[in-house]
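**Student:** Handing you a structure now.
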Amino acid sequence: MQSEERHELQKNDLVGGASWLYLFIRRNGLYMLLGLALALVAFEFYKLHQTQVARRLAEARAELDVNQTPKAIYAKVLAQYHNPEIDAQAYIKIGQFYLAYIAQGNVGTTYMGVKATKAQAVAGAKLAFNNVIQNDPNLPLMIARAKLGLANAYEDAHQWSKARSIYVAMLDAKATPAEKSFASIVKYRLKNLDSWRRPVLADRTAVNTANGLSLPTSTVGPQLPAKGFTPAH
């Protein structure tokens with residue numbers, strides 16, 4: 001008897017639950033359909049936005065590949081696209097341009113349409129690399145590349161202690177994994193830093209004079225006789 005009553009109660013509960021669900025859908029079905037439609041529209045807008053972001057990112061990378069000089073990179077990339085990763089890559093490319101300008105050896109002449117003094121090129125490189133280091137904390141690889149570039153700029157400026165401090169920090173136990181990935185390059189530059197900072201002795205006459213010697217500056221080719229020399233007959 002009790003089991004029959006319990007079974008009847010369960011049936012009543014099921015019927016009651018189904019009735020409640022039916023009434024709920026009947027009363028709120030329109031709102032449910034509207035909510036579903038809005039969710040689908042929002043999802044489509046999200047997909048469209050993601051597609052546009054991807055397209056803009058591809059355009060920015062293409063522009064960054066094409067444009068080489070600081071002025072062009074500013075105008076075609078930094079002023080047009082506002083993506084942290086692209087901005088960091090753009091500033092690093094600007095910094096590397098100035099380092100290449102110094103490295104080509106004819107500072108003060110026109111290089112790819114750009115003319116600057118060494119001081120201006122060094123300042124431009126420092127500014128570009130520091131922009132990445134100070135403004136992009138969530139891009140560790142970009143920061144590591146910028147630190148390496150900044151150290152190179154300090155070398156070009158003969159600020160050897162500042163370059164050394166960057167290299168030492170990049171090899172420290174507290175350095176980021178991205179910084180440690182450049183360990184082989186950093187160790188090489190740190191190892192050779194002292195030899196690079198020594199001045200190049202280009203004037204052999206000055207070297208000989210300093211050592212108390214009186215040697216010809218060149219022994220290549222025949223030596224001309226002194227003025228007034230009379231050959232033997």
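Chain labels follow the order of the structure tokens: the first chain is A, the next B, and so on; residue numbering restarts at 1 in every chain, and ligands are counted from 1 in their shown order.
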As a list of chain:residue names, which residues of range 73-140 of chain A does DSSP assign to strand (DSSP E)?
**Tutor:** A:Thr110, A:Tyr111, A:Val114, A:Lys115
**Student:** Taking into account only C-alpha atoms, which residue in the set A:Val66, A:Ala100, A:Ile92, A:Ala39 is nearest to Leu148 in chain A?
**Tutor:** A:Ile92
**Student:** When distances are computed from only C-alpha atoms, which of A:Ala163, A:Val122, A:Ala79, A:Ala146 shows the smallest separation from Ala103 in chain A?
**Tutor:**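 The closest residue to Ala103 in chain A is A:Val122.
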**Student:** Just how far from CA of Pro70 in chain A is CA of Lys93 in chain A, in Å to one decimal?
**Tutor:** 8.2 Å
**Student:** Give me the residues within 7 Å of range 182-188 of chain A as a list in words, counting only C-alpha atoms and dropping any in the same chain fewer than 4 places off.
**Tutor:**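 Residues meeting the cut-off are Tyr167, Leu171 and Asn192 of chain A.
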**Student:** Write out, as a PDB file, in the first residue's frame, the residues just selected, with C-alpha atoms.
**Tutor:**
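What follows is the written file part_15.pdb:
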```
ATOM      1  CA  TYR A 167      74.662  42.069 -20.469  1.00  0.00           C
ATOM      2  CA  LEU A 171      72.761  36.525 -17.618  1.00  0.00           C
ATOM      3  CA  ASN A 192      84.883  40.848 -26.114  1.00  0.00           C
TER       4      ASN A 192
END
```
**Student:** For Ser181 in chain A, which of A:Lys126, A:Lys118, A:Arg145, A:Arg56 is the closest residue, counting only C-alpha atoms?
**Tutor:**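 Among A:Lys126, A:Lys118, A:Arg145, A:Arg56, it is A:Arg145 that comes nearest to Ser181 in chain A.
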**Student:** Of the candidates A:Gln134, A:Leu64, A:Ala175, A:Arg189, which shows the shortest atom-to-atom distance to Lys76 in chain A, using only C-alpha atoms?
**Tutor:**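 Closest to Lys76 in chain A, using only C-alpha atoms: A:Leu64.
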**Student:** When you look at Trp160 in chain A with a cut-off of 12 Å (counting only C-alpha atoms), what residues show up, excluding the ones that are within fewer than 4 positions of it in the same chain? I need them as a ChimeraX atom specification.
**Tutor:** /A:150-156,164-167,189-190,192-198
**Student:** Write the residues of the selection above to a file with C-alpha atoms, as a short mmCIF file (atom, residue, chain, number, x, y, z; two decimals), in the first residue's frame.
**Tutor:**
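Result file follows (out.cif):
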```cif
data_model
loop_
_atom_site.label_atom_id
_atom_site.label_comp_id
_atom_site.auth_asym_id
_atom_site.auth_seq_id
_atom_site.Cartn_x
_atom_site.Cartn_y
_atom_site.Cartn_z
CA LEU A 150 70.14 49.09 -26.29
CA ALA A 151 73.40 47.53 -25.12
CA ASN A 152 74.68 47.71 -28.72
CA ALA A 153 73.73 51.39 -28.82
CA TYR A 154 75.68 51.98 -25.61
CA GLU A 155 78.67 50.29 -27.22
CA ASP A 156 78.44 52.63 -30.21
CA ARG A 164 78.11 45.73 -19.53
CA SER A 165 75.39 46.21 -16.91
CA ILE A 166 72.72 45.16 -19.42
CA TYR A 167 74.66 42.07 -20.47
CA ARG A 189 79.67 40.38 -26.44
CA LEU A 190 80.52 40.48 -22.76
CA ASN A 192 84.88 40.85 -26.11
CA LEU A 193 83.71 44.10 -24.57
CA ASP A 194 87.10 45.01 -23.09
CA SER A 195 88.93 44.44 -26.37
CA TRP A 196 86.36 46.48 -28.30
CA ARG A 197 86.71 49.42 -25.97
CA ARG A 198 90.44 49.76 -26.61
#
```
